[in-house]
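Visitor: This one is query.json, JSON, C-alpha atoms.
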```
[["chain", "number", "residue", "atom", "x", "y", "z"],
["A", 100, "MET", "CA", -56.22, 10.35, -3.75],
["A", 101, "GLN", "CA", -52.70, 9.33, -4.34],
["A", 102, "GLY", "CA", -50.30, 12.24, -4.51],
["A", 103, "GLN", "CA", -47.66, 12.73, -7.19],
["A", 104, "PRO", "CA", -44.19, 11.33, -6.36],
["A", 105, "LEU", "CA", -41.79, 13.96, -5.10],
["A", 106, "HIS", "CA", -38.91, 14.87, -7.41],
["A", 107, "GLN", "CA", -35.75, 13.51, -5.83],
["A", 108, "GLY", "CA", -33.25, 15.08, -8.21],
["A", 109, "VAL", "CA", -30.83, 13.44, -10.62],
["A", 110, "PRO", "CA", -28.29, 11.19, -8.89],
["A", 111, "THR", "CA", -24.83, 12.63, -9.24],
["A", 112, "GLU", "CA", -21.84, 10.54, -10.19],
["A", 113, "PRO", "CA", -18.89, 10.40, -7.81],
["A", 114, "PRO", "CA", -15.86, 12.50, -8.78],
["A", 115, "LEU", "CA", -13.25, 11.05, -11.09],
["A", 116, "ILE", "CA", -9.64, 10.00, -10.64],
["A", 117, "TRP", "CA", -7.57, 9.55, -13.79],
["A", 118, "LEU", "CA", -5.20, 6.66, -13.06],
["A", 119, "LEU", "CA", -2.30, 5.82, -15.34],
["A", 120, "GLY", "CA", -0.96, 2.38, -14.55],
["A", 121, "GLY", "CA", 0.20, -0.99, -15.77],
["A", 122, "THR", "CA", -0.30, -4.59, -14.74],
["A", 123, "ALA", "CA", 1.66, -4.52, -11.48],
["A", 124, "ASP", "CA", 0.73, -1.50, -9.35],
["A", 125, "GLY", "CA", -2.43, -0.48, -11.17],
["A", 126, "PRO", "CA", -4.87, -3.28, -10.22],
["A", 127, "PRO", "CA", -4.60, -3.02, -6.40],
["A", 128, "LEU", "CA", -4.66, 0.78, -6.55],
["A", 129, "ALA", "CA", -7.68, 0.85, -8.86],
["A", 130, "ALA", "CA", -9.52, -1.66, -6.66],
["A", 131, "ALA", "CA", -8.82, 0.40, -3.53],
["A", 132, "LEU", "CA", -10.03, 3.62, -5.18],
["A", 133, "LEU", "CA", -13.22, 1.99, -6.45],
["A", 134, "GLN", "CA", -13.88, 0.52, -3.02],
["A", 135, "ARG", "CA", -13.60, 4.02, -1.54],
["A", 136, "GLY", "CA", -16.29, 5.25, -3.91],
["A", 137, "TRP", "CA", -14.29, 7.02, -6.63],
["A", 138, "ARG", "CA", -14.94, 6.77, -10.33],
["A", 139, "VAL", "CA", -11.71, 5.70, -12.01],
["A", 140, "ARG", "CA", -10.63, 6.37, -15.58],
["A", 141, "LEU", "CA", -7.79, 3.95, -16.20],
["A", 142, "SER", "CA", -5.17, 4.53, -18.90],
["A", 143, "VAL", "CA", -3.05, 1.59, -20.05],
["A", 144, "VAL", "CA", -0.83, 1.22, -23.09],
["A", 145, "SER", "CA", -2.17, -2.07, -24.49],
["A", 146, "ALA", "CA", -5.46, -3.94, -24.58],
["A", 147, "ALA", "CA", -3.70, -6.94, -23.02],
["A", 148, "ALA", "CA", -3.04, -4.88, -19.88],
["A", 149, "THR", "CA", -6.77, -4.42, -19.27],
["A", 150, "ARG", "CA", -7.25, -8.14, -18.59],
["A", 151, "VAL", "CA", -5.79, -7.92, -15.08],
["A", 152, "TYR", "CA", -8.41, -5.36, -14.01],
["A", 153, "ALA", "CA", -11.71, -6.65, -12.66],
["A", 154, "PRO", "CA", -14.78, -5.12, -14.36],
["A", 155, "HIS", "CA", -16.56, -2.47, -12.30],
["A", 156, "PRO", "CA", -19.45, -0.11, -13.15],
["A", 157, "GLN", "CA", -17.36, 2.89, -12.08],
["A", 158, "LEU", "CA", -14.24, 1.86, -14.01],
["A", 159, "GLN", "CA", -13.60, 3.40, -17.43],
["A", 160, "LEU", "CA", -10.81, 2.13, -19.69],
["A", 161, "ARG", "CA", -8.57, 4.09, -22.03],
["A", 162, "VAL", "CA", -6.14, 2.06, -24.15],
["A", 163, "GLY", "CA", -3.26, 3.61, -26.05],
["A", 164, "ASP", "CA", -0.28, 5.92, -25.78],
["A", 165, "LEU", "CA", -0.46, 9.55, -24.74],
["A", 166, "ALA", "CA", 1.84, 10.63, -27.52],
["A", 167, "ASP", "CA", 2.25, 14.30, -26.64],
["A", 168, "ASP", "CA", 1.21, 17.10, -24.30],
["A", 169, "THR", "CA", -1.88, 17.76, -26.39],
["A", 170, "ALA", "CA", -3.20, 14.25, -25.73],
["A", 171, "VAL", "CA", -2.88, 14.80, -21.98],
["A", 172, "GLU", "CA", -4.50, 18.24, -22.26],
["A", 173, "ARG", "CA", -7.40, 16.71, -24.19],
["A", 174, "GLU", "CA", -8.01, 14.07, -21.52],
["A", 175, "LEU", "CA", -7.96, 16.64, -18.73],
["A", 176, "GLU", "CA", -10.26, 19.00, -20.62],
["A", 177, "GLN", "CA", -12.78, 16.31, -21.52],
["A", 178, "HIS", "CA", -12.98, 14.39, -18.22],
["A", 179, "ARG", "CA", -12.07, 17.00, -15.58],
["A", 180, "PRO", "CA", -10.61, 14.60, -12.97],
["A", 181, "ARG", "CA", -10.28, 15.70, -9.37],
["A", 182, "TRP", "CA", -6.93, 13.90, -9.20],
["A", 183, "VAL", "CA", -4.44, 12.49, -11.68],
["A", 184, "VAL", "CA", -2.47, 9.54, -10.29],
["A", 185, "ASP", "CA", 0.72, 8.39, -11.99],
["A", 186, "ALA", "CA", 1.23, 4.70, -11.23],
["A", 187, "THR", "CA", 3.29, 3.98, -14.33],
["A", 188, "HIS", "CA", 6.54, 2.02, -14.29],
["A", 189, "PRO", "CA", 9.40, 3.77, -12.44],
["A", 190, "PHE", "CA", 11.37, 3.84, -15.71],
["A", 191, "ALA", "CA", 8.51, 5.34, -17.76],
["A", 192, "GLU", "CA", 10.25, 8.72, -17.77],
["A", 193, "ARG", "CA", 8.57, 10.28, -20.78],
["A", 194, "ILE", "CA", 4.97, 9.90, -19.66],
["A", 195, "SER", "CA", 5.78, 10.91, -16.07],
["A", 196, "ALA", "CA", 7.54, 14.05, -17.29],
["A", 197, "ARG", "CA", 4.62, 14.83, -19.60],
["A", 198, "LEU", "CA", 2.07, 14.47, -16.81],
["A", 199, "GLU", "CA", 4.15, 16.62, -14.47],
["A", 200, "ARG", "CA", 4.57, 19.33, -17.08],
["A", 201, "VAL", "CA", 0.94, 19.52, -18.23],
["A", 202, "CYS", "CA", -0.62, 19.19, -14.78],
["A", 203, "ARG", "CA", 1.64, 21.87, -13.34],
["A", 204, "ARG", "CA", 0.76, 24.21, -16.21],
["A", 205, "ARG", "CA", -2.97, 23.65, -15.67],
["A", 206, "GLY", "CA", -2.95, 23.60, -11.88],
["A", 207, "GLN", "CA", -4.25, 20.01, -11.98],
["A", 208, "PRO", "CA", -3.65, 18.01, -8.75],
["A", 209, "LEU", "CA", -1.23, 15.19, -9.51],
["A", 210, "GLU", "CA", 0.12, 12.43, -7.27],
["A", 211, "ARG", "CA", 2.61, 9.66, -8.03],
["A", 212, "LEU", "CA", 2.67, 6.15, -6.60],
["A", 213, "GLN", "CA", 6.06, 5.18, -5.25],
["A", 214, "ARG", "CA", 6.81, 1.51, -5.85],
["A", 215, "PRO", "CA", 8.83, 0.05, -2.96],
["A", 216, "GLY", "CA", 12.33, -1.19, -3.68],
["A", 217, "LEU", "CA", 13.47, -4.77, -3.26],
["A", 218, "GLU", "CA", 15.99, -5.66, -0.58],
["A", 219, "GLY", "CA", 18.70, -8.28, -0.75],
["A", 220, "ASN", "CA", 19.39, -11.06, -3.22],
["A", 221, "GLY", "CA", 21.50, -14.16, -3.52],
["A", 222, "ALA", "CA", 23.39, -13.08, -6.63],
["A", 223, "ALA", "CA", 27.08, -13.93, -6.76],
["A", 224, "ALA", "CA", 27.86, -10.22, -7.19],
["A", 225, "THR", "CA", 25.65, -7.19, -7.60],
["A", 226, "VAL", "CA", 26.75, -3.94, -9.21],
["A", 227, "GLU", "CA", 24.47, -0.90, -9.04],
["A", 228, "LEU", "CA", 24.60, 1.43, -12.04],
["A", 229, "PRO", "CA", 23.30, 5.01, -11.83],
["A", 230, "ASP", "CA", 22.57, 5.00, -15.57],
["A", 231, "LEU", "CA", 23.42, 3.11, -18.73],
["A", 232, "ALA", "CA", 26.43, 5.32, -19.47],
["A", 233, "ALA", "CA", 28.08, 3.85, -16.36],
["A", 234, "LEU", "CA", 28.08, 0.47, -18.09],
["A", 235, "ALA", "CA", 31.09, 1.63, -20.12],
["A", 236, "SER", "CA", 33.23, 1.89, -16.98],
["A", 237, "LEU", "CA", 32.74, -1.80, -16.08],
["A", 238, "ASN", "CA", 35.22, -4.42, -17.22],
["A", 239, "LEU", "CA", 32.96, -7.00, -18.84],
["A", 240, "ARG", "CA", 35.61, -8.75, -20.92],
["A", 241, "GLY", "CA", 34.80, -12.43, -21.13],
["A", 242, "GLU", "CA", 31.20, -11.92, -20.00],
["A", 243, "ARG", "CA", 28.13, -13.15, -21.84],
["A", 244, "LEU", "CA", 25.63, -10.46, -20.93],
["A", 245, "LEU", "CA", 21.85, -10.84, -20.95],
["A", 246, "LEU", "CA", 20.04, -7.52, -21.37],
["A", 247, "ALA", "CA", 16.71, -7.57, -19.53],
["A", 248, "ILE", "CA", 15.94, -3.85, -19.70],
["A", 249, "GLY", "CA", 13.17, -3.74, -22.27],
["A", 250, "SER", "CA", 13.71, -2.83, -25.91],
["A", 251, "ARG", "CA", 13.92, 0.96, -26.00],
["A", 252, "GLN", "CA", 17.35, 1.21, -24.37],
["A", 253, "LEU", "CA", 19.01, -1.75, -26.07],
["A", 254, "ALA", "CA", 20.98, 0.37, -28.53],
["A", 255, "GLN", "CA", 22.36, 2.55, -25.73],
["A", 256, "ALA", "CA", 23.30, -0.49, -23.64],
["A", 257, "LEU", "CA", 25.05, -2.21, -26.53],
["A", 258, "ALA", "CA", 27.02, 0.93, -27.32],
["A", 259, "ALA", "CA", 28.28, 1.19, -23.73],
["A", 260, "SER", "CA", 28.90, -2.48, -22.92],
["A", 261, "THR", "CA", 32.32, -4.14, -23.24],
["A", 262, "ALA", "CA", 30.97, -7.70, -22.87],
["A", 263, "ASP", "CA", 32.13, -10.35, -25.34],
["A", 264, "ALA", "CA", 28.58, -11.44, -26.25],
["A", 265, "HIS", "CA", 25.14, -9.93, -25.85],
["A", 266, "PHE", "CA", 21.65, -11.39, -25.70],
["A", 267, "ALA", "CA", 18.27, -9.89, -24.85],
["A", 268, "ARG", "CA", 14.96, -10.97, -23.41],
["A", 269, "ILE", "CA", 12.22, -8.77, -24.84],
["A", 270, "LEU", "CA", 8.44, -8.81, -24.79],
["A", 271, "ASP", "CA", 6.61, -10.62, -27.56],
["A", 272, "ARG", "CA", 5.49, -7.48, -29.36],
["A", 273, "PRO", "CA", 6.34, -6.45, -32.95],
["A", 274, "ALA", "CA", 7.59, -3.03, -31.81],
["A", 275, "SER", "CA", 9.97, -4.64, -29.29],
["A", 276, "LEU", "CA", 11.40, -6.96, -31.93],
["A", 277, "GLN", "CA", 11.88, -4.09, -34.38],
["A", 278, "LEU", "CA", 13.81, -2.06, -31.81],
["A", 279, "ALA", "CA", 16.01, -5.01, -30.87],
["A", 280, "LEU", "CA", 16.89, -5.76, -34.49],
["A", 281, "ALA", "CA", 17.53, -2.08, -35.15],
["A", 282, "ALA", "CA", 19.95, -2.06, -32.20],
["A", 283, "GLY", "CA", 22.05, -4.69, -34.00],
["A", 284, "LEU", "CA", 20.96, -7.91, -32.29],
["A", 285, "ARG", "CA", 20.31, -10.97, -34.45],
["A", 286, "ASP", "CA", 17.44, -13.44, -34.21],
["A", 287, "GLU", "CA", 19.58, -16.01, -32.38],
["A", 288, "GLN", "CA", 20.45, -13.41, -29.72],
["A", 289, "LEU", "CA", 16.82, -12.67, -28.89],
["A", 290, "ALA", "CA", 14.10, -14.31, -26.82],
["A", 291, "CYS", "CA", 10.64, -12.85, -27.30],
["A", 292, "LEU", "CA", 8.57, -13.98, -24.36],
["A", 293, "ARG", "CA", 6.50, -12.98, -21.39],
["A", 294, "PRO", "CA", 8.17, -13.17, -17.97],
["A", 295, "SER", "CA", 7.36, -16.01, -15.60],
["A", 296, "ALA", "CA", 4.95, -15.60, -12.71],
["A", 297, "PRO", "CA", 6.13, -13.41, -9.82],
["A", 298, "PRO", "CA", 8.44, -15.14, -7.33],
["A", 299, "SER", "CA", 6.44, -16.82, -4.62],
["A", 300, "GLY", "CA", 8.90, -19.32, -3.22],
["A", 301, "ALA", "CA", 7.05, -22.26, -4.77],
["A", 302, "GLY", "CA", 6.78, -24.15, -8.03],
["A", 303, "GLU", "CA", 8.76, -23.42, -11.17],
["A", 304, "THR", "CA", 9.08, -19.67, -10.66],
["A", 305, "GLY", "CA", 11.82, -18.32, -12.90],
["A", 306, "ALA", "CA", 12.25, -21.64, -14.73],
["A", 307, "LEU", "CA", 11.93, -20.01, -18.15],
["A", 308, "GLU", "CA", 14.56, -17.38, -17.37],
["A", 309, "MET", "CA", 16.94, -19.97, -15.89],
["A", 310, "ALA", "CA", 16.60, -22.18, -18.96],
["A", 311, "LEU", "CA", 17.37, -19.19, -21.15],
["A", 312, "CYS", "CA", 20.51, -18.35, -19.18],
["A", 313, "ARG", "CA", 21.73, -21.95, -19.36],
["A", 314, "ARG", "CA", 21.10, -22.18, -23.09],
["A", 315, "TRP", "CA", 23.05, -19.01, -23.84],
["A", 316, "ARG", "CA", 25.68, -19.70, -21.13],
["A", 317, "ILE", "CA", 24.97, -16.30, -19.59],
["A", 318, "SER", "CA", 27.44, -15.06, -16.98],
["A", 319, "ALA", "CA", 25.89, -11.63, -16.17],
["A", 320, "VAL", "CA", 22.44, -10.05, -16.32],
["A", 321, "LEU", "CA", 21.58, -6.37, -16.69],
["A", 322, "CYS", "CA", 18.12, -5.48, -15.37],
["A", 323, "ARG", "CA", 16.32, -2.44, -14.01],
["A", 324, "ALA", "CA", 15.73, -1.77, -10.32],
["A", 325, "GLY", "CA", 12.04, -1.24, -10.92],
["A", 326, "GLY", "CA", 10.98, -2.92, -7.68],
["A", 327, "GLY", "CA", 8.50, -5.16, -9.46],
["A", 328, "ARG", "CA", 8.11, -8.61, -10.97],
["A", 329, "SER", "CA", 10.97, -8.39, -13.47],
["A", 330, "GLU", "CA", 13.58, -7.29, -10.94],
["A", 331, "ALA", "CA", 12.43, -9.95, -8.46],
["A", 332, "LEU", "CA", 12.74, -12.64, -11.11],
["A", 333, "TRP", "CA", 16.25, -11.67, -12.17],
["A", 334, "ARG", "CA", 17.41, -11.42, -8.56],
["A", 335, "LEU", "CA", 16.11, -14.95, -8.07],
["A", 336, "VAL", "CA", 17.67, -16.30, -11.27],
["A", 337, "CYS", "CA", 21.07, -14.73, -10.60],
["A", 338, "GLY", "CA", 21.04, -16.13, -7.08],
["A", 339, "GLN", "CA", 20.11, -19.62, -8.24],
["A", 340, "LEU", "CA", 22.68, -19.75, -11.04],
["A", 341, "GLY", "CA", 25.47, -17.73, -9.42],
["A", 342, "LEU", "CA", 25.38, -14.98, -12.06],
["A", 343, "ARG", "CA", 26.63, -11.43, -11.77],
["A", 344, "LEU", "CA", 23.73, -8.97, -11.48],
["A", 345, "LEU", "CA", 24.03, -5.46, -12.93],
["A", 346, "LEU", "CA", 21.21, -3.36, -11.52],
["A", 347, "LEU", "CA", 20.24, -0.16, -13.33],
["A", 348, "GLN", "CA", 18.99, 2.30, -10.72],
["A", 349, "ARG", "CA", 15.75, 4.22, -11.07],
["A", 350, "PRO", "CA", 15.91, 7.59, -12.80],
["A", 351, "HIS", "CA", 15.11, 10.70, -10.80],
["A", 352, "GLY", "CA", 11.66, 11.79, -11.90],
["A", 353, "PRO", "CA", 10.71, 15.34, -12.88],
["A", 354, "GLY", "CA", 8.54, 15.89, -9.80],
["A", 355, "PRO", "CA", 8.16, 14.57, -6.26],
["A", 356, "VAL", "CA", 9.31, 11.02, -5.56],
["A", 357, "GLY", "CA", 5.75, 9.95, -4.78],
["A", 358, "LEU", "CA", 3.96, 8.17, -1.98],
["A", 359, "PRO", "CA", 3.66, 4.46, -1.09],
["A", 360, "LEU", "CA", 0.22, 2.91, -1.55],
["A", 361, "GLN", "CA", -1.34, 3.50, 1.87],
["A", 362, "PRO", "CA", -0.10, 7.10, 2.32],
["A", 363, "LEU", "CA", -1.25, 7.82, -1.23],
["A", 364, "LEU", "CA", -4.75, 6.49, -0.49],
["A", 365, "GLU", "CA", -4.87, 8.57, 2.68],
["A", 366, "LYS", "CA", -3.98, 11.71, 0.75],
["A", 367, "LEU", "CA", -6.55, 11.06, -1.98],
["A", 368, "GLY", "CA", -9.17, 10.35, 0.67],
["A", 369, "HIS", "CA", -12.79, 9.64, -0.23],
["A", 370, "PRO", "CA", -15.05, 11.40, -2.74]]
```
Show how you would write the structure in this file as structure tokens.
Guide:
Amino acid sequence: MQGQPLHQGVPTEPPLIWLLGGTADGPPLAAALLQRGWRVRLSVVSAAATRVYAPHPQLQLRVGDLADDTAVERELEQHRPRWVVDATHPFAERISARLERVCRRRGQPLERLQRPGLEGNGAAATVELPDLAALASLNLRGERLLLAIGSRQLAQALAASTADAHFARILDRPASLQLALAAGLRDEQLACLRPSAPPSGAGETGALEMALCRRWRISAVLCRAGGGRSEALWRLVCGQLGLRLLLLQRPHGPGPVGLPLQPLLEKLGHP
């Protein structure tokens, strides 16, 4: 007589990490966490950003802004992550401050990924700026300045700059165009496009940006020291064309500086 099968219990899911990231640092971090056996709930701002993440049965996607503290509270209450990991852009001050504030209030473990900085460039001259207000102290008379700092800070940069002419490279999104126009830039001063591929030392890397600088007769570029693809591209372009590079330094975040990738993975450990 064949006995009844023994009850083995309901398989339990691995614990969850809530990862907030973009298209640069997020994919390798998410892949490493999934490989270690974590479930990962990934938050990105746009649906387009999800395309760089490989599908995985333990990967959940959340698309959209976290507009206020309540939105963060709701996520934490509903999903109960073991860890929250902030791998957003180094200049994404608002969301990092919001995560720090809410997680501290709730006693939720939070870690931040520290993106490494970039060393050296072939630019004709590099000026490091602690913030956009410092732009006002630079003598930019006679300069044709390309603003490659995103769209949200264009108005502040234009108010501080003394350059003779201004242009901006912004992402091809309606919201970015609206902010640029509201800052006072005209259509002919704007290029709405995606950046070229990351510098790899081969092919036409940076060709689009170089063509843009030649067309507008750019003499100086303002970009952010984010340590990622955009900074690398503008370092390359300024070096190739002999342009002056104005490098906006990273803001000091509300919490700890964060950990590089491998130390971060070691701290998070395995489920």
Visitor: If I take CA of Gly325 (chain A) and CA of Ile248 (chain A), how far is one from the other in Å, to one decimal?
Guide: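 Atom-to-atom, CA of Gly325 (chain A) and CA of Ile248 (chain A) are spaced 10.0 Å apart.
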Visitor: Separation of CA of Arg173 (chain A) and CA of Lys366 (chain A), in Å?
Guide: 25.7 Å
Visitor: Would you pick out the contacts of region 108-125 of chain A at 6 Å or less, using only C-alpha atoms, so that residues sharing its chain but fewer than 3 positions from it are not included, and give the list as a list of chain:residue names?
Guide: A:Leu128, A:Ala129, A:Trp137, A:Arg138, A:Val139, A:Arg140, A:Leu141, A:Ser142, A:Val143, A:Ala148, A:Pro180, A:Arg181, A:Trp182, A:Val183, A:Val184, A:Asp185, A:Ala186, A:Thr187
Visitor: Mind dumping a table of every region 164-216 of chain A residue within 8 Å of region 340-351 of chain A, with the nearest atom pair and its distance in Å to one decimal, using only C-alpha atoms, sorted by chain and rising number, as JSON lines?
Guide:
```
{"residue": "A:Pro189", "atom": "CA", "partner": "A:Arg349", "partner_atom": "CA", "distance": 6.5}
{"residue": "A:Phe190", "atom": "CA", "partner": "A:Arg349", "partner_atom": "CA", "distance": 6.4}
{"residue": "A:Glu192", "atom": "CA", "partner": "A:Pro350", "partner_atom": "CA", "distance": 7.6}
```
Visitor: Just the selected residues (C-alpha atoms), exported as a compact mmCIF listing (two decimals), keeping the file's coordinate frame, please.
Guide:
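Done, and the output landed in selection.txt:
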```txt
# COMPACT_ATOMS: atom_id res chain seq x y z
CA PRO A 189 9.40 3.77 -12.44
CA PHE A 190 11.37 3.84 -15.71
CA GLU A 192 10.25 8.72 -17.77
```
Visitor: Return the single residue from A:Leu234, A:Cys291, A:Ala331, A:Leu133 that is closest to Ala274 (chain A), with distances computed using only C-alpha atoms.
Guide: A:Cys291
Visitor: What's the separation between CA of His265 (chain A) and CA of Arg193 (chain A), in Å to one decimal place?
Guide: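 Straight-line distance from CA of His265 (chain A) to CA of Arg193 (chain A) works out to 26.6 Å.
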Visitor: Just so I have it separately, write region 132-147 of chain A from the block I sent, keeping N, CA, C and O atoms, as a tab-separated table (two decimals), in the first residue's frame.
Guide:
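Contents of part_10.tsv, as written:
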```
chain	number	residue	atom	x	y	z
A	132	LEU	N	22.98	41.08	-6.94
A	132	LEU	CA	22.08	40.74	-5.84
A	132	LEU	C	21.23	39.52	-6.18
A	132	LEU	O	21.03	38.63	-5.34
A	133	LEU	N	20.75	39.46	-7.41
A	133	LEU	CA	19.94	38.31	-7.83
A	133	LEU	C	20.79	37.04	-7.84
A	133	LEU	O	20.32	35.97	-7.44
A	134	GLN	N	22.02	37.16	-8.26
A	134	GLN	CA	22.91	36.00	-8.29
A	134	GLN	C	23.17	35.48	-6.87
A	134	GLN	O	23.35	34.28	-6.67
A	135	ARG	N	23.18	36.37	-5.91
A	135	ARG	CA	23.39	35.98	-4.51
A	135	ARG	C	22.14	35.37	-3.87
A	135	ARG	O	22.21	34.88	-2.75
A	136	GLY	N	21.01	35.46	-4.57
A	136	GLY	CA	19.81	34.81	-4.06
A	136	GLY	C	18.77	35.75	-3.48
A	136	GLY	O	17.75	35.29	-2.95
A	137	TRP	N	18.98	37.06	-3.59
A	137	TRP	CA	17.99	38.01	-3.08
A	137	TRP	C	16.83	38.15	-4.06
A	137	TRP	O	16.99	37.95	-5.27
A	138	ARG	N	15.67	38.50	-3.54
A	138	ARG	CA	14.62	39.08	-4.38
A	138	ARG	C	14.91	40.57	-4.46
A	138	ARG	O	15.31	41.18	-3.46
A	139	VAL	N	14.69	41.17	-5.62
A	139	VAL	CA	14.98	42.58	-5.81
A	139	VAL	C	13.74	43.28	-6.35
A	139	VAL	O	13.17	42.87	-7.37
A	140	ARG	N	13.32	44.32	-5.64
A	140	ARG	CA	12.29	45.23	-6.16
A	140	ARG	C	13.02	46.46	-6.65
A	140	ARG	O	13.63	47.19	-5.87
A	141	LEU	N	12.96	46.69	-7.96
A	141	LEU	CA	13.72	47.75	-8.59
A	141	LEU	C	12.82	48.94	-8.90
A	141	LEU	O	11.80	48.80	-9.55
A	142	SER	N	13.23	50.11	-8.43
A	142	SER	CA	12.51	51.35	-8.73
A	142	SER	C	13.32	52.18	-9.72
A	142	SER	O	14.49	52.50	-9.46
A	143	VAL	N	12.70	52.52	-10.85
A	143	VAL	CA	13.30	53.42	-11.84
A	143	VAL	C	12.27	54.48	-12.18
A	143	VAL	O	11.07	54.31	-11.96
A	144	VAL	N	12.74	55.59	-12.74
A	144	VAL	CA	11.85	56.71	-13.01
A	144	VAL	C	11.02	56.50	-14.26
A	144	VAL	O	9.83	56.84	-14.30
A	145	SER	N	11.61	55.92	-15.31
A	145	SER	CA	10.90	55.79	-16.59
A	145	SER	C	10.87	54.35	-17.07
A	145	SER	O	11.75	53.55	-16.73
A	146	ALA	N	9.88	54.05	-17.90
A	146	ALA	CA	9.78	52.71	-18.48
A	146	ALA	C	10.98	52.40	-19.35
A	146	ALA	O	11.42	51.25	-19.44
A	147	ALA	N	11.53	53.43	-20.01
A	147	ALA	CA	12.70	53.22	-20.87
A	147	ALA	C	13.88	52.67	-20.08
A	147	ALA	O	14.68	51.88	-20.61
```
